[in-house]
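Working notes, beginning with the structure itself.
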Amino acid sequence: MSSIQVSRRTRCRLCDSTRLELVVPLAPTPVAEKYVAREQLGEITPSDPLDLHLCLDCGHVQLLDVVDPVYLFDHYTYMSGNTKPLVQHFHEVATTTCERYAVRPGDLVIDIGSNDGSLLRAFQQRGANVLGIDPARDIARRATESGIPTLPEFLTPALAQRIRQERGPAKVVCAFNVFAHADDLAGMTDSIHALLGPDGVFVCEFSYLLDILDRMLLGTIFHEHLSHHSVRPLAAFLERHGLQFIDIQRNGIQGGSIVGTAQRLGGPHPVSPNVAEILDLERQRGLDQPATLRRFSDSLQTLKSQVATLVADLQKQGQRLWGYGAARSGTTLIAQMNLGKAIECIVDDGADKQNKFSPGDHIPIRPSSALLAEQPDFVIILAWVHAERILQNNQAYIDRGGRFIVCFPELRIVGSGRPSTA
Ligand SMILES: [Zn+2]
């Protein structure tokens, strides 16, 4: 029996249409971030639907099953500041935004879903007056203590009005990886519109649907990501809420993301030609067509059966299989690839997950140093985004005859299985 509330939408999150088609069916999956402590092992973690639906009217790809956000984000442990390349990326975004849109010292910069304040810190170092908004209470408190004032709340139109009255209009409003997380995007966008000054800009980052399809980014599909955005449906949605994209930049964050910048409709900043270019690309690629999404679904099925065959062979041969990376993507991969019973333990570089257990299957998490100590036969990489770095950092394990299984973008085995004689 589940104590977690899952509600089911019947309308598109962006355009309110009811013409929604199931395009990528997936196995029900536990909530990805809920790694459990030993004393919680008696509690059953429910698995909830993770299917992707396409809106036939606006082309938006989305989850219709919504896990209660209070459950999802309370005690949320993901900290952007723990990821060095991300901190570097935030500094680049802050520099570009400040230069291009004339952000001056003392200007108000607000970050929605500000996490540990990493992005705002980059703006603060350029003299901006910053304010974070993040409902994850522990993280918000720690950010405030570290000098980034953060309200532990969900952004609502009422909160936006209060902030505007108390602090005046914002020059920059950021929402990084937040447009994927919010169920009520209309309410959030109206709030952003209310916060923005007449020459202000809204900067958002989201995983890009085209990269998910092209690079088989299954690991980015979990319950927190309610939307898998492409530009066309989102641009039309923003316009209905009084905002327009003026710049679109693709990058390699999380395997492929977009930083989009918008202003109030008819605002003072020129519209970059890259907005029309990406709309053209999406049209050419048929990103809003059911057949395009079904091809992705078919590729996933193929990969899934390849992994199943490989794992069954390993089990027959009595080979020990471990996993690498106790991240959110790992939960999705374990559930979709049906690896729950096959993996003996998961190793992770971070301290926060160690001595915990994976959601659902309760696979124990151990430090990555255990790899060399025990030298299991195979390790399947669950932290798909970091596959290359994991391979580089664990050459000693490979040299001693260990083998890595990399699933994406296609299945391959790294290592010969024999100790190198060098
Ligand atoms: Zn729609």
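We label chains A, B, ... in the order they appear in the structure tokens, count residues from 1 in each chain, and number ligands from 1 in the order shown.
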Original post:
What do you get as a ChimeraX atom specification if you pick all residues at most 7 Å from ligand 1, counting only C-alpha atoms and all ligand atoms?
Top reply: /A:12-17,55-60
Close residues, A:Leu293 itself excluded, 12 Å, only C-alpha atoms, min 4 positions apart in chain, as a compact mmCIF listing (two decimals) with N, CA and C atoms, in the first residue's frame:
```txt
# COMPACT_ATOMS: atom_id res chain seq x y z
N GLU A 21 -1.13 11.23 -26.32
CA GLU A 21 -0.91 9.86 -26.77
C GLU A 21 0.29 9.25 -26.05
N LEU A 22 0.10 8.01 -25.56
CA LEU A 22 1.21 7.28 -24.94
C LEU A 22 2.22 6.92 -26.03
N VAL A 23 3.45 7.45 -25.94
CA VAL A 23 4.44 7.18 -26.99
C VAL A 23 5.63 6.37 -26.50
N VAL A 24 5.99 6.49 -25.21
CA VAL A 24 7.11 5.71 -24.67
C VAL A 24 6.65 5.04 -23.37
N PRO A 25 6.13 3.80 -23.47
CA PRO A 25 5.74 3.09 -22.25
C PRO A 25 6.98 2.63 -21.50
N ASP A 51 5.55 6.55 -17.71
CA ASP A 51 5.29 6.60 -19.15
C ASP A 51 5.35 8.02 -19.71
N LEU A 52 5.86 8.13 -20.94
CA LEU A 52 5.91 9.43 -21.61
C LEU A 52 4.75 9.56 -22.60
N HIS A 53 4.11 10.72 -22.55
CA HIS A 53 2.99 11.01 -23.45
C HIS A 53 3.32 12.22 -24.31
N LEU A 54 2.78 12.20 -25.53
CA LEU A 54 2.97 13.32 -26.46
C LEU A 54 1.64 14.05 -26.64
N CYS A 55 1.70 15.37 -26.55
CA CYS A 55 0.50 16.16 -26.85
C CYS A 55 0.39 16.31 -28.36
N LEU A 56 -0.73 15.85 -28.93
CA LEU A 56 -0.89 15.88 -30.38
C LEU A 56 -1.18 17.29 -30.88
N GLY A 59 2.75 19.30 -29.23
CA GLY A 59 4.00 18.56 -29.40
C GLY A 59 4.81 18.40 -28.12
N HIS A 60 4.22 18.71 -26.96
CA HIS A 60 4.96 18.61 -25.70
C HIS A 60 5.00 17.16 -25.20
N VAL A 61 6.21 16.71 -24.80
CA VAL A 61 6.39 15.35 -24.28
C VAL A 61 6.44 15.41 -22.76
N GLN A 62 5.64 14.58 -22.09
CA GLN A 62 5.45 14.75 -20.65
C GLN A 62 5.00 13.49 -19.94
N LEU A 209 14.87 17.51 -25.43
CA LEU A 209 14.25 16.29 -25.96
C LEU A 209 15.04 15.70 -27.14
N LEU A 210 15.53 16.57 -28.02
CA LEU A 210 16.25 16.06 -29.20
C LEU A 210 17.50 15.28 -28.78
N ILE A 212 17.83 13.76 -25.86
CA ILE A 212 17.35 12.53 -25.21
C ILE A 212 17.13 11.45 -26.27
N LEU A 213 16.54 11.84 -27.40
CA LEU A 213 16.25 10.87 -28.46
C LEU A 213 17.53 10.46 -29.17
N ASP A 214 18.36 11.44 -29.55
CA ASP A 214 19.56 11.15 -30.34
C ASP A 214 20.60 10.37 -29.54
N MET A 216 19.95 8.64 -26.63
CA MET A 216 19.35 7.60 -25.78
C MET A 216 19.52 7.90 -24.29
N HIS A 228 9.72 16.82 -20.76
CA HIS A 228 10.95 16.69 -21.56
C HIS A 228 10.79 17.68 -22.71
N ARG A 285 13.25 17.46 -37.94
CA ARG A 285 13.43 16.18 -37.24
C ARG A 285 12.10 15.55 -36.81
N GLY A 286 11.01 16.23 -37.02
CA GLY A 286 9.70 15.68 -36.65
C GLY A 286 9.57 15.44 -35.16
N LEU A 287 10.09 16.38 -34.39
CA LEU A 287 10.15 16.19 -32.94
C LEU A 287 8.77 16.14 -32.29
N ASP A 288 7.76 16.62 -33.00
CA ASP A 288 6.40 16.59 -32.42
C ASP A 288 5.56 15.47 -33.01
N GLN A 289 6.21 14.53 -33.72
CA GLN A 289 5.47 13.45 -34.37
C GLN A 289 5.49 12.16 -33.53
N SER A 297 11.32 4.70 -28.46
CA SER A 297 10.81 3.63 -27.60
C SER A 297 11.28 2.26 -28.10
N ASP A 298 11.25 2.06 -29.42
CA ASP A 298 11.71 0.78 -30.00
C ASP A 298 13.19 0.56 -29.73
N SER A 299 14.00 1.63 -29.86
CA SER A 299 15.44 1.51 -29.59
C SER A 299 15.68 1.13 -28.14
N LEU A 300 14.89 1.70 -27.24
CA LEU A 300 15.03 1.35 -25.82
C LEU A 300 14.73 -0.12 -25.59
```
Test item: residues at most 8 Å from A:Ser272, only C-alpha atoms, excluding those fewer than 5 positions along its chain, as a PDB file with N, CA and C atoms, in the first residue's frame:
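So the final result, stored in around_36.pdb, reads:
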```pdb
ATOM      1  N   ILE A 246      14.357  34.946 -26.741  1.00  0.00           N
ATOM      2  CA  ILE A 246      15.209  35.819 -27.544  1.00  0.00           C
ATOM      3  C   ILE A 246      16.555  35.172 -27.846  1.00  0.00           C
ATOM      4  N   ASP A 247      16.837  34.044 -27.193  1.00  0.00           N
ATOM      5  CA  ASP A 247      18.104  33.352 -27.445  1.00  0.00           C
ATOM      6  C   ASP A 247      17.986  31.892 -27.000  1.00  0.00           C
ATOM      7  N   ILE A 248      18.587  31.003 -27.795  1.00  0.00           N
ATOM      8  CA  ILE A 248      18.594  29.570 -27.468  1.00  0.00           C
ATOM      9  C   ILE A 248      20.018  29.045 -27.654  1.00  0.00           C
TER      10      ILE A 248
END
```
**OP:** Find the distance between atom CA of A:Gln319 and atom CA of A:Gln375 and write it in Å to one decimal.
**Re:**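 So the two atoms, atom CA of A:Gln319 and atom CA of A:Gln375, lie 11.3 Å apart.
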Subject >> Separation of atom CA of A:Gly350 from atom CA of A:Asn177, in Å and rounded to one decimal >> reply: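 Interatomic distance, atom CA of A:Gly350 to atom CA of A:Asn177: 21.6 Å.
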List every residue of stretch 78-114 of chain A that has an atom at most 9 Å from any atom of stretch 133-136 of chain A, giving for each one its closest atom pair and the distance in Å to one decimal, counting only C-alpha atoms, sorted by chain and then by ascending residue number, as JSON lines.
```
{"residue": "A:Ile110", "atom": "CA", "partner": "A:Ile133", "partner_atom": "CA", "distance": 7.6}
{"residue": "A:Asp111", "atom": "CA", "partner": "A:Ile133", "partner_atom": "CA", "distance": 6.2}
{"residue": "A:Ile112", "atom": "CA", "partner": "A:Ile133", "partner_atom": "CA", "distance": 5.0}
{"residue": "A:Gly113", "atom": "CA", "partner": "A:Asp134", "partner_atom": "CA", "distance": 4.6}
{"residue": "A:Ser114", "atom": "CA", "partner": "A:Asp134", "partner_atom": "CA", "distance": 5.6}
```
Subject >> Residues near A:Ile221, cut-off 8 Å, only C-alpha atoms, skip fewer than 5 positions along chain, as a PyMOL selection string >> reply: chain A and resi 50+329+332
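Between A:Gly260 and the candidates A:Arg403, A:Arg232, A:Arg167, A:Arg283, the tightest atom-to-atom separation, counting only C-alpha atoms, involves A:Arg232.
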Subject >> Nearest-residue call for A:Arg240, choices A:Ala186, A:Phe206, A:Gln317, A:Ala276, using only C-alpha atoms >> reply: A:Ala186
Leaving out A:Ala326 and any residue of its chain fewer than 3 positions from it, which residues lie within 12 Å of it when counting only C-alpha atoms, given as a short mmCIF file (atom, residue, chain, number, x, y, z; two decimals) with N, CA and C atoms, in the first residue's frame?
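Output saved as result03.cif:
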```cif
data_model
loop_
_atom_site.label_atom_id
_atom_site.label_comp_id
_atom_site.auth_asym_id
_atom_site.auth_seq_id
_atom_site.Cartn_x
_atom_site.Cartn_y
_atom_site.Cartn_z
N ALA A 32 13.26 8.22 -7.82
CA ALA A 32 14.68 7.97 -8.07
C ALA A 32 15.61 8.39 -6.95
N GLU A 33 15.26 9.44 -6.25
CA GLU A 33 16.21 10.03 -5.30
C GLU A 33 16.07 9.41 -3.91
N LYS A 34 15.10 8.53 -3.74
CA LYS A 34 14.80 8.05 -2.40
C LYS A 34 15.67 6.86 -1.99
N TYR A 35 16.98 7.10 -1.91
CA TYR A 35 17.87 6.08 -1.37
C TYR A 35 17.56 5.93 0.11
N VAL A 36 17.50 4.69 0.61
CA VAL A 36 16.98 4.49 1.97
C VAL A 36 18.08 4.08 2.95
N TYR A 78 20.12 16.28 -3.70
CA TYR A 78 20.97 16.64 -4.82
C TYR A 78 21.52 18.05 -4.65
N GLY A 219 18.52 7.75 -18.78
CA GLY A 219 18.79 8.11 -17.38
C GLY A 219 18.20 9.44 -16.95
N TRP A 322 28.44 -5.72 -10.35
CA TRP A 322 28.18 -4.56 -9.51
C TRP A 322 27.67 -3.41 -10.39
N GLY A 323 27.19 -2.35 -9.74
CA GLY A 323 26.78 -1.14 -10.46
C GLY A 323 27.67 0.02 -10.04
N SER A 329 19.63 8.70 -12.12
CA SER A 329 19.52 7.92 -13.35
C SER A 329 19.61 6.43 -13.06
N GLY A 330 20.36 6.07 -12.00
CA GLY A 330 20.55 4.66 -11.67
C GLY A 330 19.24 3.97 -11.36
N THR A 331 18.37 4.65 -10.65
CA THR A 331 17.08 4.06 -10.28
C THR A 331 16.27 3.73 -11.54
N THR A 332 16.27 4.67 -12.50
CA THR A 332 15.55 4.43 -13.75
C THR A 332 16.16 3.26 -14.51
N LEU A 333 17.49 3.27 -14.62
CA LEU A 333 18.14 2.21 -15.38
C LEU A 333 17.90 0.83 -14.77
N ILE A 334 18.00 0.74 -13.44
CA ILE A 334 17.79 -0.54 -12.77
C ILE A 334 16.37 -1.04 -13.01
N CYS A 345 25.93 -5.01 -5.53
CA CYS A 345 26.00 -3.74 -4.80
C CYS A 345 26.30 -2.62 -5.79
N ILE A 346 26.11 -1.38 -5.34
CA ILE A 346 26.40 -0.21 -6.17
C ILE A 346 27.50 0.58 -5.49
N VAL A 347 28.54 0.95 -6.25
CA VAL A 347 29.56 1.82 -5.66
C VAL A 347 29.33 3.26 -6.10
N ASP A 348 29.70 4.19 -5.23
CA ASP A 348 29.50 5.61 -5.52
C ASP A 348 30.65 6.41 -4.93
N ASP A 349 31.05 7.49 -5.64
CA ASP A 349 32.17 8.31 -5.18
C ASP A 349 31.77 9.23 -4.02
N GLY A 350 30.50 9.62 -3.95
CA GLY A 350 30.05 10.60 -2.95
C GLY A 350 29.84 9.96 -1.58
N ALA A 351 29.97 10.78 -0.53
CA ALA A 351 29.84 10.25 0.83
C ALA A 351 28.37 10.12 1.25
N ASP A 352 27.48 10.96 0.64
CA ASP A 352 26.11 11.04 1.17
C ASP A 352 25.27 9.80 0.94
N LYS A 353 25.59 9.01 -0.08
CA LYS A 353 24.76 7.83 -0.37
C LYS A 353 25.30 6.56 0.28
N GLN A 354 26.52 6.64 0.81
CA GLN A 354 27.12 5.40 1.28
C GLN A 354 26.44 4.86 2.53
N ASN A 355 26.42 3.53 2.61
CA ASN A 355 25.71 2.81 3.67
C ASN A 355 24.19 2.96 3.55
N LYS A 356 23.73 3.52 2.43
CA LYS A 356 22.29 3.50 2.16
C LYS A 356 21.98 2.39 1.17
N PHE A 357 20.72 2.32 0.76
CA PHE A 357 20.28 1.25 -0.13
C PHE A 357 19.45 1.85 -1.26
N SER A 358 19.50 1.21 -2.44
CA SER A 358 18.78 1.78 -3.59
C SER A 358 17.28 1.72 -3.34
N PRO A 359 16.52 2.69 -3.92
CA PRO A 359 15.07 2.67 -3.74
C PRO A 359 14.47 1.42 -4.39
N HIS A 362 16.61 -2.13 -2.83
CA HIS A 362 17.47 -2.14 -1.64
C HIS A 362 18.85 -2.75 -1.89
N ILE A 363 19.44 -2.37 -3.01
CA ILE A 363 20.82 -2.79 -3.31
C ILE A 363 21.74 -1.91 -2.46
N PRO A 364 22.69 -2.52 -1.70
CA PRO A 364 23.55 -1.71 -0.83
C PRO A 364 24.49 -0.81 -1.62
N ILE A 365 24.76 0.40 -1.08
CA ILE A 365 25.68 1.36 -1.70
C ILE A 365 27.00 1.30 -0.94
N ARG A 366 28.12 1.22 -1.67
CA ARG A 366 29.44 1.15 -1.02
C ARG A 366 30.36 2.17 -1.66
N PRO A 367 31.46 2.51 -0.97
CA PRO A 367 32.41 3.47 -1.55
C PRO A 367 33.09 2.87 -2.78
N SER A 368 33.48 3.72 -3.73
CA SER A 368 34.06 3.19 -4.97
C SER A 368 35.40 2.50 -4.74
N ILE A 380 28.44 -2.47 -14.14
CA ILE A 380 27.60 -1.77 -15.12
C ILE A 380 27.48 -0.30 -14.69
N ILE A 381 27.72 0.61 -15.62
CA ILE A 381 27.71 2.04 -15.28
C ILE A 381 26.27 2.55 -15.27
N LEU A 382 25.83 2.98 -14.09
CA LEU A 382 24.46 3.50 -13.93
C LEU A 382 24.44 5.01 -14.07
N ALA A 383 25.56 5.66 -13.71
CA ALA A 383 25.66 7.13 -13.85
C ALA A 383 26.10 7.42 -15.28
N TRP A 384 25.16 7.23 -16.21
CA TRP A 384 25.44 7.26 -17.64
C TRP A 384 26.15 8.52 -18.09
N HIS A 386 28.31 10.25 -16.61
CA HIS A 386 29.71 10.32 -16.20
C HIS A 386 30.52 9.11 -16.68
#
```
